[in-house]
$ cat structure02.csv   # CSV, C-alpha atoms
chain,number,residue,atom,x,y,z
A,1,MET,CA,-18.8,-3.8,33.5
A,2,ALA,CA,-15.5,-1.9,33.7
A,3,LEU,CA,-13.9,-0.4,30.6
A,4,HIS,CA,-11.2,-2.7,29.2
A,5,VAL,CA,-8.5,-1.8,26.7
A,6,VAL,CA,-6.3,-4.4,24.9
A,7,ALA,CA,-3.6,-2.5,23.1
A,8,SER,CA,-0.2,-3.1,21.5
A,9,ARG,CA,1.0,0.2,22.9
A,10,THR,CA,-1.2,1.8,25.5
A,11,ASP,CA,-1.5,5.6,25.4
A,12,PRO,CA,-3.2,7.1,28.5
A,13,ALA,CA,-4.9,9.6,26.1
A,14,LEU,CA,-7.1,6.7,24.9
A,15,PHE,CA,-8.9,6.7,28.2
A,16,ARG,CA,-9.9,10.3,27.8
A,17,LEU,CA,-12.0,9.6,24.7
A,18,PRO,CA,-15.8,9.6,25.3
A,19,TRP,CA,-16.3,5.8,25.4
A,20,SER,CA,-19.6,6.3,27.2
A,21,ARG,CA,-21.1,7.7,24.1
A,22,PRO,CA,-22.0,5.9,20.8
A,23,LEU,CA,-19.3,6.6,18.2
A,24,ALA,CA,-21.9,8.2,15.9
A,25,GLU,CA,-22.4,10.9,18.5
A,26,TRP,CA,-18.8,11.9,19.0
A,27,ASP,CA,-18.4,15.6,18.1
A,28,ASP,CA,-15.7,17.5,16.3
A,29,TRP,CA,-13.7,18.0,19.4
A,30,TYR,CA,-12.6,14.3,19.1
A,31,VAL,CA,-13.3,13.4,15.4
A,32,VAL,CA,-11.0,14.4,12.6
A,33,PRO,CA,-13.0,14.9,9.3
A,34,LEU,CA,-10.9,12.7,7.1
A,35,PRO,CA,-12.3,10.8,4.0
A,36,LEU,CA,-13.4,7.3,4.9
A,37,GLY,CA,-14.5,4.4,2.7
A,38,LEU,CA,-17.9,2.8,2.8
A,39,SER,CA,-18.4,0.5,5.8
A,40,ARG,CA,-21.2,-1.5,7.3
A,41,HIS,CA,-20.0,-0.3,10.7
A,42,VAL,CA,-19.8,3.2,12.3
A,43,VAL,CA,-16.2,4.3,11.7
A,44,ARG,CA,-14.5,7.6,12.8
A,45,VAL,CA,-11.0,8.9,12.8
A,46,VAL,CA,-9.7,10.5,16.0
A,47,GLN,CA,-6.4,12.1,16.9
A,48,VAL,CA,-4.7,10.8,20.0
A,49,ASN,CA,-1.8,13.0,20.8
A,50,ARG,CA,0.0,13.2,17.5
A,51,GLN,CA,-1.4,10.1,15.9
A,52,PHE,CA,-4.5,9.5,13.8
A,53,LEU,CA,-6.5,6.3,14.8
A,54,ALA,CA,-9.5,4.8,13.0
A,55,VAL,CA,-12.1,3.6,15.5
A,56,LYS,CA,-14.7,1.0,14.3
A,57,GLU,CA,-17.6,-0.1,16.4
A,58,THR,CA,-18.4,-3.8,16.2
A,59,THR,CA,-19.0,-6.8,18.4
A,60,GLU,CA,-16.4,-7.8,21.0
A,61,GLU,CA,-15.8,-11.2,19.4
A,62,LEU,CA,-15.2,-9.7,15.9
A,63,ALA,CA,-13.1,-6.8,17.3
A,64,LEU,CA,-10.7,-9.2,19.1
A,65,ARG,CA,-10.6,-11.6,16.2
A,66,GLU,CA,-9.7,-8.8,13.7
A,67,TYR,CA,-7.2,-7.3,16.0
A,68,GLU,CA,-5.3,-10.6,16.3
A,69,LEU,CA,-5.5,-11.2,12.6
A,70,LEU,CA,-4.1,-7.8,11.8
A,71,ARG,CA,-1.3,-8.4,14.3
A,72,ASP,CA,-0.5,-11.7,12.5
A,73,LEU,CA,-0.4,-9.8,9.1
A,74,GLN,CA,1.8,-7.2,10.6
A,75,ARG,CA,4.2,-9.8,11.8
A,76,LEU,CA,4.2,-11.3,8.3
A,77,ASP,CA,5.1,-7.9,6.8
A,78,GLN,CA,1.9,-7.7,4.8
A,79,PRO,CA,0.3,-4.5,3.5
A,80,ALA,CA,-2.4,-3.9,6.0
A,81,VAL,CA,-3.4,-1.3,8.5
A,82,VAL,CA,-1.6,-1.6,11.9
A,83,PRO,CA,-3.8,-2.6,14.8
A,84,ARG,CA,-3.5,-0.6,17.9
A,85,GLY,CA,-6.1,-2.0,20.3
A,86,VAL,CA,-9.6,-3.1,21.3
A,87,VAL,CA,-11.9,-1.4,23.7
A,88,THR,CA,-14.6,-3.5,25.4
A,89,GLY,CA,-16.8,-3.1,28.4
A,90,ARG,CA,-18.3,0.2,27.1
A,91,THR,CA,-21.6,1.4,28.6
A,92,ASP,CA,-23.5,4.6,28.3
A,93,LEU,CA,-24.3,6.9,31.2
A,94,ASP,CA,-27.4,4.9,32.0
A,95,GLY,CA,-25.4,1.7,32.2
A,96,ASN,CA,-26.6,0.3,28.8
A,97,PRO,CA,-24.0,-1.7,26.9
A,98,LEU,CA,-22.3,-0.1,23.8
A,99,PRO,CA,-20.4,-1.9,21.0
A,100,ALA,CA,-16.8,-2.8,21.3
A,101,ALA,CA,-14.3,-0.7,19.3
A,102,LEU,CA,-11.4,-1.7,17.2
A,103,LEU,CA,-8.6,0.8,16.9
A,104,THR,CA,-6.2,0.8,13.9
A,105,GLU,CA,-3.6,3.4,12.8
A,106,HIS,CA,-4.8,5.6,10.0
A,107,LEU,CA,-2.4,4.8,7.1
A,108,HIS,CA,-0.5,8.0,6.4
A,109,TYR,CA,-0.6,9.3,2.8
A,110,SER,CA,-3.4,6.9,1.9
A,111,LEU,CA,-7.0,7.5,0.6
A,112,PRO,CA,-10.1,5.4,0.1
A,113,TYR,CA,-10.8,4.7,-3.5
A,114,ARG,CA,-13.8,7.1,-3.8
A,115,THR,CA,-11.5,10.0,-2.7
A,116,VAL,CA,-8.9,8.9,-5.3
A,117,PHE,CA,-11.5,9.2,-8.0
A,118,GLN,CA,-12.8,12.5,-6.6
A,119,HIS,CA,-9.2,13.9,-6.6
A,120,GLY,CA,-9.1,13.7,-10.4
A,121,LEU,CA,-8.1,10.1,-11.2
A,122,ARG,CA,-7.8,9.9,-15.0
A,123,ALA,CA,-9.4,7.1,-17.0
A,124,GLU,CA,-6.0,5.7,-18.0
A,125,GLN,CA,-5.0,5.4,-14.3
A,126,VAL,CA,-7.9,3.1,-13.4
A,127,PRO,CA,-6.0,-0.1,-14.5
A,128,ALA,CA,-3.2,0.9,-12.1
A,129,LEU,CA,-5.6,1.1,-9.2
A,130,VAL,CA,-6.9,-2.3,-10.1
A,131,ASP,CA,-3.4,-3.7,-10.5
A,132,ALA,CA,-2.6,-2.5,-6.9
A,133,LEU,CA,-5.5,-4.5,-5.6
A,134,VAL,CA,-4.4,-7.5,-7.6
A,135,VAL,CA,-0.9,-7.4,-6.1
A,136,LEU,CA,-2.4,-7.1,-2.6
A,137,LEU,CA,-4.7,-10.1,-3.2
A,138,VAL,CA,-1.9,-12.2,-4.6
A,139,ARG,CA,0.4,-11.3,-1.7
A,140,LEU,CA,-2.3,-12.3,0.8
A,141,HIS,CA,-3.0,-15.5,-0.9
A,142,LEU,CA,0.6,-16.4,-1.0
A,143,ILE,CA,0.9,-16.3,2.8
A,144,GLY,CA,-2.4,-18.3,3.3
A,145,PHE,CA,-4.8,-15.4,3.9
A,146,PHE,CA,-8.4,-15.9,2.6
A,147,TRP,CA,-10.0,-12.4,2.4
A,148,GLY,CA,-13.6,-13.4,2.1
A,149,ASP,CA,-14.8,-9.9,1.0
A,150,VAL,CA,-12.5,-8.5,-1.6
A,151,SER,CA,-13.5,-5.0,-2.6
A,152,LEU,CA,-12.2,-1.5,-3.3
A,153,SER,CA,-14.0,-0.3,-0.1
A,154,ASN,CA,-12.0,-2.7,2.0
A,155,ALA,CA,-8.6,-1.3,0.9
A,156,LEU,CA,-6.8,1.9,1.1
A,157,PHE,CA,-4.6,3.3,-1.7
A,158,ARG,CA,-1.3,5.1,-1.6
A,159,ARG,CA,0.2,6.8,-4.6
A,160,SER,CA,3.4,5.0,-5.6
A,161,ALA,CA,5.7,6.2,-8.4
A,162,GLY,CA,2.9,7.1,-10.7
A,163,GLY,CA,0.8,4.0,-9.8
A,164,PHE,CA,-0.7,2.9,-6.5
A,165,ALA,CA,-0.1,0.5,-3.6
A,166,ALA,CA,-3.0,-1.1,-1.9
A,167,PHE,CA,-3.4,-2.0,1.8
A,168,LEU,CA,-5.9,-4.2,3.5
A,169,VAL,CA,-8.1,-2.1,5.8
A,170,ASP,CA,-10.9,-4.5,6.8
A,171,ALA,CA,-10.0,-8.1,7.8
A,172,GLU,CA,-13.3,-8.9,9.5
A,173,THR,CA,-14.1,-11.7,7.1
A,174,GLY,CA,-10.5,-13.0,6.7
A,175,GLU,CA,-8.9,-16.2,7.7
A,176,LEU,CA,-5.2,-17.0,8.0
A,177,ARG,CA,-4.4,-20.6,7.0
A,178,GLU,CA,-1.5,-22.8,6.1
A,179,SER,CA,-2.4,-22.3,2.5
A,180,VAL,CA,-5.4,-21.1,0.4
A,181,SER,CA,-6.9,-23.7,-1.9
A,182,ASP,CA,-7.5,-22.9,-5.6
A,183,ALA,CA,-11.2,-23.0,-4.9
A,184,MET,CA,-10.9,-20.4,-2.1
A,185,ARG,CA,-8.7,-18.2,-4.3
A,186,GLU,CA,-11.3,-18.3,-7.1
A,187,HIS,CA,-14.0,-17.5,-4.5
A,188,ASP,CA,-12.1,-14.4,-3.4
A,189,LEU,CA,-11.6,-13.4,-7.1
A,190,THR,CA,-15.3,-14.0,-7.9
A,191,VAL,CA,-16.4,-11.9,-4.9
A,192,GLY,CA,-13.9,-9.2,-5.8
A,193,VAL,CA,-15.2,-9.0,-9.4
A,194,GLU,CA,-18.8,-8.7,-8.2
A,195,ASN,CA,-18.1,-6.2,-5.5
A,196,ILE,CA,-15.9,-4.0,-7.7
A,197,PHE,CA,-18.3,-4.0,-10.6
A,198,ALA,CA,-21.0,-2.8,-8.2
A,199,GLU,CA,-18.7,-0.2,-6.6
A,200,LEU,CA,-17.9,1.3,-10.0
A,201,LEU,CA,-21.5,1.5,-11.0
A,202,ASP,CA,-22.4,3.2,-7.7
A,203,LEU,CA,-19.4,5.5,-8.1
A,204,GLN,CA,-20.7,6.8,-11.4
A,205,ALA,CA,-24.4,6.9,-10.3
A,206,SER,CA,-23.4,9.1,-7.3
A,207,GLY,CA,-21.5,11.6,-9.4
A,208,ASP,CA,-18.2,11.0,-7.5
A,209,THR,CA,-16.3,10.7,-10.8
A,210,ASP,CA,-16.8,12.4,-14.1
A,211,ILE,CA,-14.8,9.8,-16.1
A,212,ASP,CA,-16.5,7.1,-18.0
A,213,VAL,CA,-15.5,3.8,-16.4
A,214,ASP,CA,-16.2,0.6,-18.2
A,215,GLY,CA,-17.0,-1.7,-15.3
A,216,GLN,CA,-16.9,-4.9,-17.4
A,217,ALA,CA,-13.5,-4.1,-18.8
A,218,VAL,CA,-12.2,-3.2,-15.3
A,219,VAL,CA,-13.2,-6.5,-13.7
A,220,ALA,CA,-12.0,-8.5,-16.7
A,221,HIS,CA,-8.7,-6.8,-16.3
A,222,LEU,CA,-8.7,-7.7,-12.6
A,223,ALA,CA,-9.3,-11.4,-13.3
A,224,GLU,CA,-6.7,-11.5,-16.1
A,225,GLN,CA,-4.0,-9.7,-14.1
A,226,TYR,CA,-4.6,-11.9,-11.0
A,227,HIS,CA,-4.2,-15.2,-12.9
A,228,SER,CA,-1.2,-13.8,-14.8
A,229,LEU,CA,0.6,-12.7,-11.7
A,230,TRP,CA,-0.3,-15.9,-9.7
A,231,ASP,CA,0.9,-18.1,-12.5
A,232,GLU,CA,4.2,-16.2,-12.9
A,233,LEU,CA,4.9,-16.5,-9.2
A,234,THR,CA,3.9,-20.1,-8.6
A,235,ALA,CA,3.6,-22.1,-11.9
A,236,ALA,CA,6.1,-24.9,-12.7
A,237,GLU,CA,8.3,-24.5,-15.8
A,238,GLU,CA,10.1,-27.3,-17.8
A,239,PHE,CA,13.0,-27.0,-20.1
A,240,GLY,CA,16.0,-29.0,-21.4
A,241,THR,CA,19.1,-29.8,-19.4
A,242,ASP,CA,21.1,-27.5,-21.7
A,243,GLU,CA,19.0,-24.5,-20.8
A,244,TRP,CA,20.0,-24.0,-17.1
A,245,SER,CA,20.1,-20.2,-17.7
A,246,ARG,CA,16.3,-20.3,-17.7
A,247,VAL,CA,16.5,-20.7,-13.9
A,248,GLU,CA,18.2,-17.3,-13.6
A,249,GLN,CA,15.8,-15.9,-16.1
A,250,ARG,CA,12.8,-17.0,-14.1
A,251,ILE,CA,14.3,-15.5,-10.9
A,252,ALA,CA,15.1,-12.2,-12.8
A,253,ARG,CA,11.5,-12.0,-14.0
A,254,LEU,CA,10.2,-12.4,-10.5
A,255,ASN,CA,12.6,-9.8,-9.2
A,256,ASP,CA,11.4,-7.4,-11.9
A,257,LEU,CA,7.9,-8.0,-10.5
A,258,GLY,CA,9.1,-7.0,-7.1
A,259,PHE,CA,9.4,-10.5,-5.6
A,260,ASP,CA,12.3,-12.5,-4.2
A,261,VAL,CA,12.5,-16.3,-4.5
A,262,ASP,CA,13.2,-17.7,-1.0
A,263,GLU,CA,12.8,-21.3,-2.1
A,264,LEU,CA,12.9,-23.0,-5.5
A,265,ASP,CA,12.0,-26.6,-6.2
A,266,VAL,CA,14.3,-28.0,-8.9
A,267,GLN,CA,13.8,-31.5,-10.3
A,268,ALA,CA,16.1,-32.8,-13.0
A,269,ASP,CA,16.3,-36.1,-14.9
A,270,SER,CA,18.4,-37.2,-17.8
A,271,ASP,CA,17.1,-34.6,-20.3
A,272,ARG,CA,14.5,-32.4,-18.6
A,273,VAL,CA,14.5,-29.9,-15.8
A,274,ARG,CA,11.4,-28.8,-13.9
A,275,ILE,CA,11.5,-25.7,-11.7
A,276,GLN,CA,8.8,-24.2,-9.5
A,277,PRO,CA,9.0,-21.4,-7.0
A,278,LYS,CA,8.0,-22.7,-3.6
A,279,VAL,CA,8.3,-19.5,-1.4
A,280,VAL,CA,8.2,-16.0,-2.9
A,281,GLU,CA,8.3,-12.8,-0.9
A,282,ALA,CA,7.2,-9.4,-2.1
A,283,GLY,CA,9.4,-6.3,-1.5
A,284,HIS,CA,12.5,-7.1,-3.6
A,285,HIS,CA,13.3,-3.4,-4.5
A,286,ARG,CA,12.1,-2.1,-1.2
A,287,ARG,CA,14.6,-4.3,0.7
A,288,GLU,CA,17.4,-3.6,-1.7
A,289,LEU,CA,17.0,0.2,-1.3
A,290,HIS,CA,16.6,-0.1,2.4
A,291,ASP,CA,19.8,-2.1,2.7
A,292,LEU,CA,21.7,0.5,0.7
A,293,THR,CA,20.2,3.7,2.1
A,294,GLY,CA,18.0,3.0,5.1
A,295,LEU,CA,15.0,4.5,3.2
A,296,SER,CA,11.6,2.7,3.8
A,297,VAL,CA,9.4,3.3,0.8
A,298,GLU,CA,6.9,1.4,-1.4
A,299,ASP,CA,8.3,-1.2,-3.8
A,300,SER,CA,7.5,0.8,-7.0
A,301,GLN,CA,9.0,3.9,-5.5
A,302,ALA,CA,12.1,1.9,-4.5
A,303,ARG,CA,12.5,0.7,-8.1
A,304,LYS,CA,12.4,4.3,-9.4
A,305,LEU,CA,14.9,5.4,-6.8
A,306,LEU,CA,17.2,2.5,-7.6
A,307,ASN,CA,17.0,3.6,-11.2
A,308,ASP,CA,18.0,7.1,-10.3
A,309,LEU,CA,20.9,5.7,-8.2
A,310,ALA,CA,22.1,3.7,-11.2
A,311,ALA,CA,22.0,6.8,-13.4
A,312,PHE,CA,23.9,8.8,-10.7
A,313,THR,CA,26.5,6.0,-10.6
A,314,ALA,CA,27.0,6.0,-14.3
A,315,HIS,CA,27.0,9.8,-14.7
A,316,PHE,CA,29.8,10.3,-12.2
A,317,GLY,CA,31.7,7.1,-13.1
A,318,TYR,CA,31.3,5.4,-9.8
A,319,ASP,CA,30.8,1.9,-11.3
A,320,ASP,CA,33.9,0.5,-9.7
A,321,GLU,CA,33.2,1.8,-6.2
A,322,ASP,CA,31.4,0.0,-3.5
A,323,ARG,CA,27.6,0.3,-4.2
A,324,ALA,CA,26.7,1.0,-0.6
A,325,VAL,CA,29.2,3.9,-0.5
A,326,VAL,CA,27.8,5.3,-3.7
A,327,ALA,CA,24.3,4.9,-2.4
A,328,ARG,CA,25.1,7.0,0.7
A,329,ARG,CA,26.7,9.6,-1.5
A,330,TRP,CA,23.5,9.8,-3.7
A,331,LEU,CA,21.4,10.0,-0.6
A,332,HIS,CA,23.3,12.9,0.9
A,333,THR,CA,23.9,14.9,-2.3
A,334,ILE,CA,20.7,14.3,-4.3
A,335,TYR,CA,17.8,12.7,-2.5
A,336,SER,CA,18.0,14.4,0.9
A,337,PRO,CA,18.7,17.9,-0.4
A,338,ILE,CA,15.8,17.6,-2.9
A,339,VAL,CA,13.4,16.5,-0.1
A,340,ALA,CA,14.7,19.3,2.0
A,341,LEU,CA,13.3,21.8,-0.6
A,342,LEU,CA,9.8,21.0,0.5
A,343,PRO,CA,8.3,23.8,2.7
A,344,ASP,CA,6.8,22.6,5.9
A,345,GLU,CA,3.3,23.7,4.9
A,346,LEU,CA,3.5,21.5,1.7
A,347,ALA,CA,5.5,18.6,3.1
A,348,ARG,CA,2.3,17.1,4.6
A,349,ARG,CA,0.8,16.8,1.2
A,350,ILE,CA,2.9,14.0,-0.2
A,351,ALA,CA,5.3,11.2,0.9
A,352,PRO,CA,8.9,12.1,0.4
A,353,ALA,CA,9.7,9.2,-2.0
A,354,GLU,CA,6.6,10.0,-4.1
A,355,TYR,CA,7.6,13.7,-4.2
A,356,PHE,CA,11.1,12.7,-5.4
A,357,HIS,CA,9.5,10.6,-8.1
A,358,GLU,CA,7.2,13.4,-9.2
A,359,VAL,CA,10.2,15.8,-9.3
A,360,MET,CA,12.0,13.4,-11.6
A,361,GLU,CA,8.9,13.2,-13.9
A,362,HIS,CA,8.7,17.0,-13.8
A,363,ARG,CA,12.3,17.4,-14.7
A,364,TRP,CA,11.9,15.1,-17.8
A,365,ALA,CA,8.9,17.2,-18.9
A,366,LEU,CA,10.8,20.5,-18.4
A,367,SER,CA,13.9,19.1,-20.2
A,368,ASP,CA,11.7,18.0,-23.1
A,369,GLU,CA,10.2,21.4,-23.4
A,370,ALA,CA,13.5,23.3,-23.1
A,371,GLY,CA,15.4,21.0,-25.5
A,372,HIS,CA,18.2,20.4,-23.0
A,373,GLU,CA,18.6,18.6,-19.6
A,374,VAL,CA,17.2,20.7,-16.7
A,375,ASP,CA,19.1,20.6,-13.4
A,376,ILE,CA,17.2,18.4,-10.9
A,377,PHE,CA,17.4,21.1,-8.2
A,378,ASP,CA,15.9,23.7,-10.6
A,379,ALA,CA,13.2,21.2,-11.5
A,380,ALA,CA,12.4,20.6,-7.8
A,381,ARG,CA,12.1,24.3,-7.1
A,382,ASP,CA,9.8,24.8,-10.0
A,383,TYR,CA,7.7,21.7,-9.0
A,384,VAL,CA,7.3,23.0,-5.4
A,385,ALA,CA,6.4,26.5,-6.6
A,386,ASN,CA,4.1,25.7,-9.5
A,387,VAL,CA,2.8,22.1,-9.3
A,388,LEU,CA,2.6,20.9,-5.7
A,389,PRO,CA,0.4,23.7,-4.3
A,390,HIS,CA,-2.4,22.6,-6.8
A,391,ARG,CA,-1.9,18.8,-6.3
A,392,PRO,CA,-4.6,17.1,-4.2
A,393,PRO,CA,-3.1,16.2,-0.8
A,394,ASP,CA,-2.4,12.5,0.1
A,395,SER,CA,-1.7,13.2,3.8
A,396,PRO,CA,-4.6,13.1,6.3
A,397,SER,CA,-3.1,16.0,8.3
A,398,ASP,CA,-3.5,18.3,5.3
A,399,LEU,CA,-7.1,17.4,4.8
A,400,ARG,CA,-8.4,18.7,8.1

$ encode --input "structure02.csv" --output "structure tokens"
Amino acid sequence: MALHVVASRTDPALFRLPWSRPLAEWDDWYVVPLPLGLSRHVVRVVQVNRQFLAVKETTEELALREYELLRDLQRLDQPAVVPRGVVTGRTDLDGNPLPAALLTEHLHYSLPYRTVFQHGLRAEQVPALVDALVVLLVRLHLIGFFWGDVSLSNALFRRSAGGFAAFLVDAETGELRESVSDAMREHDLTVGVENIFAELLDLQASGDTDIDVDGQAVVAHLAEQYHSLWDELTAAEEFGTDEWSRVEQRIARLNDLGFDVDELDVQADSDRVRIQPKVVEAGHHRRELHDLTGLSVEDSQARKLLNDLAAFTAHFGYDDEDRAVVARRWLHTIYSPIVALLPDELARRIAPAEYFHEVMEHRWALSDEAGHEVDIFDAARDYVANVLPHRPPDSPSDLR
């Protein structure tokens, strides 16, 4: 059988990989030693030209199915790894068949949960990690995706403005439907609770974390946060006809959570009004910042940057000027020069927007210690010199 590659963008370098050998036998000439989550399959990360790709061995049917499902999620702008291709028709040098391989982009600045814990995750940060997984699960359910195997291992985590953003990395058990029933949502949640509880127990038993994690409390938080967010995004609300401002309040609450309301069902009779969000879309702050500045960042990071833009606007008295003009001024006089202070050898450690957020946090700490406001450029130089070199890297290229 001839080697067959289905790819969204074919790179000739893919054909130079040793497809005639089992993935487990690929040596360091091809494999990049990056941290990987637990998987039932053999998974390796390779570098093809300047890009990192995760390669997973599986059956041809499952590889093609997952590839198409991930492409659908990509088209729907969902937080998932980007599929790059499927390799089938593999045989060894004796002509014996080898498994198919699914190729996905290695998500830059992301880490599996075990590595997050190994990199000094504090006990008070564990709820933020769980919250990121909750947001991911809710977003997937909203667009009709049934996960089937919710777990920390099947996600990757990227630091985002002091918290985390979660991304789907394994869609093998997933299904994309018109909608996900309540029973299916609860099934996903139940599976997630069971898997995550087991993962946390294993994490502590293996010695991969030195913090005391209360597994029962963590999974209880997961279930509570899921139901709270789902209800806020989808539940109907009734009020009197003299309380129309509550429509704006409901939309404002959803915006604060990072969601836009694309469709709202409003029913009114003589004395009562009933509203229910019909279509909500994540990424409110991310889209707003991108429209103003062209920056593409995580939603939590975007919210922090928008807050800094608002402070910049107030400080210099730009309130009456066009917001897009002020945003470009902030970008060119504050954000870009601060990012430019990163030396090349440290720039690979952290995403620019996360670095900017951490500089702002560092500035507040220095100002509190000094008793006066420290200049943001002085804070950035101090952060680069004294904090960033000791910070665990988020970028795969700095983990080699």

$ closest_residue --input "structure02.csv" --among "A:Leu189, A:Leu203, A:Ala268, A:Thr293" --to "Val219 in chain A" --atoms "only C-alpha atoms"
A:Leu189

$ residues_around --input "structure02.csv" --residues "Trp19 in chain A" --least-positions-apart "5" --cutoff "10 Å" --atoms "only C-alpha atoms" --output "list in words"
Leu3, Leu14, Trp26, Val87, Thr88, Gly89, Arg90, Thr91, Asp92, Leu93, Leu98, Pro99, Ala100 and Ala101 of chain A

$ write_last_selection --input "structure02.csv" --atoms "C-alpha atoms" --output "compact mmCIF listing (two decimals), in the frame of the given file"
# COMPACT_ATOMS: atom_id res chain seq x y z
CA LEU A 3 -13.90 -0.40 30.60
CA LEU A 14 -7.10 6.70 24.90
CA TRP A 26 -18.80 11.90 19.00
CA VAL A 87 -11.90 -1.40 23.70
CA THR A 88 -14.60 -3.50 25.40
CA GLY A 89 -16.80 -3.10 28.40
CA ARG A 90 -18.30 0.20 27.10
CA THR A 91 -21.60 1.40 28.60
CA ASP A 92 -23.50 4.60 28.30
CA LEU A 93 -24.30 6.90 31.20
CA LEU A 98 -22.30 -0.10 23.80
CA PRO A 99 -20.40 -1.90 21.00
CA ALA A 100 -16.80 -2.80 21.30
CA ALA A 101 -14.30 -0.70 19.30

$ closest_residue --input "structure02.csv" --among "A:Glu25, A:Leu129, A:Gln78, A:Val43" --to "Thr104 in chain A" --atoms "all atoms listed in the file"
A:Val43

$ atom_distance --input "structure02.csv" --atom1 "CA of Arg246 in chain A" --atom2 "CA of Asp231 in chain A"
16.4 Å

$ closest_residue --input "structure02.csv" --among "A:Arg122, A:Arg185, A:Arg287, A:Lys304" --to "Tyr355 in chain A" --atoms "all atoms listed in the file"
A:Lys304

$ residues_around --input "structure02.csv" --residues "range 305-307 of chain A" --least-positions-apart "6" --cutoff "8 Å" --atoms "only C-alpha atoms" --output "PyMOL selection string"
chain A and resi 285+289+357

$ residues_around --input "structure02.csv" --residues "range 371-375 of chain A" --least-positions-apart "3" --cutoff "12 Å" --atoms "all atoms listed in the file" --output "list in words"
Ile334, Ile338, Val359, Met360, Glu361, His362, Arg363, Trp364, Ala365, Leu366, Ser367, Asp368, Asp378, Ala379, Ala380, Arg381 and Asp382 of chain A

$ atom_distance --input "structure02.csv" --atom1 "CA of Phe197 in chain A" --atom2 "CA of Gly144 in chain A"
25.5 Å

$ closest_residue --input "structure02.csv" --among "A:Phe117, A:Ala132, A:Ser300, A:Ile251" --to "Ile211 in chain A" --atoms "only C-alpha atoms"
A:Phe117

$ closest_residue --input "structure02.csv" --among "A:Ser270, A:Asp262, A:His41, A:Asp182" --to "Asp170 in chain A" --atoms "all atoms listed in the file"
A:His41

$ residues_around --input "structure02.csv" --residues "Pro277 in chain A" --least-positions-apart "6" --cutoff "10 Å" --atoms "only C-alpha atoms" --output "list in words"
Glu232, Leu233, Thr234, Ala235, Ala236, Glu237, Arg250, Ile251, Leu254, Asp260, Val261, Asp262, Glu263, Leu264, Asp265 and Val266 of chain A

$ atom_distance --input "structure02.csv" --atom1 "CA of Pro352 in chain A" --atom2 "CA of Leu102 in chain A"
29.7 Å

$ residues_around --input "structure02.csv" --residues "Leu107 in chain A" --least-positions-apart "5" --cutoff "9 Å" --atoms "only C-alpha atoms" --output "MDAnalysis selection string"
chainID A and resid 52:53 80:82 156 158 167 396

$ closest_residue --input "structure02.csv" --among "A:Ala123, A:Leu142, A:Leu111, A:Ala327" --to "Trp230 in chain A" --atoms "only C-alpha atoms"
A:Leu142
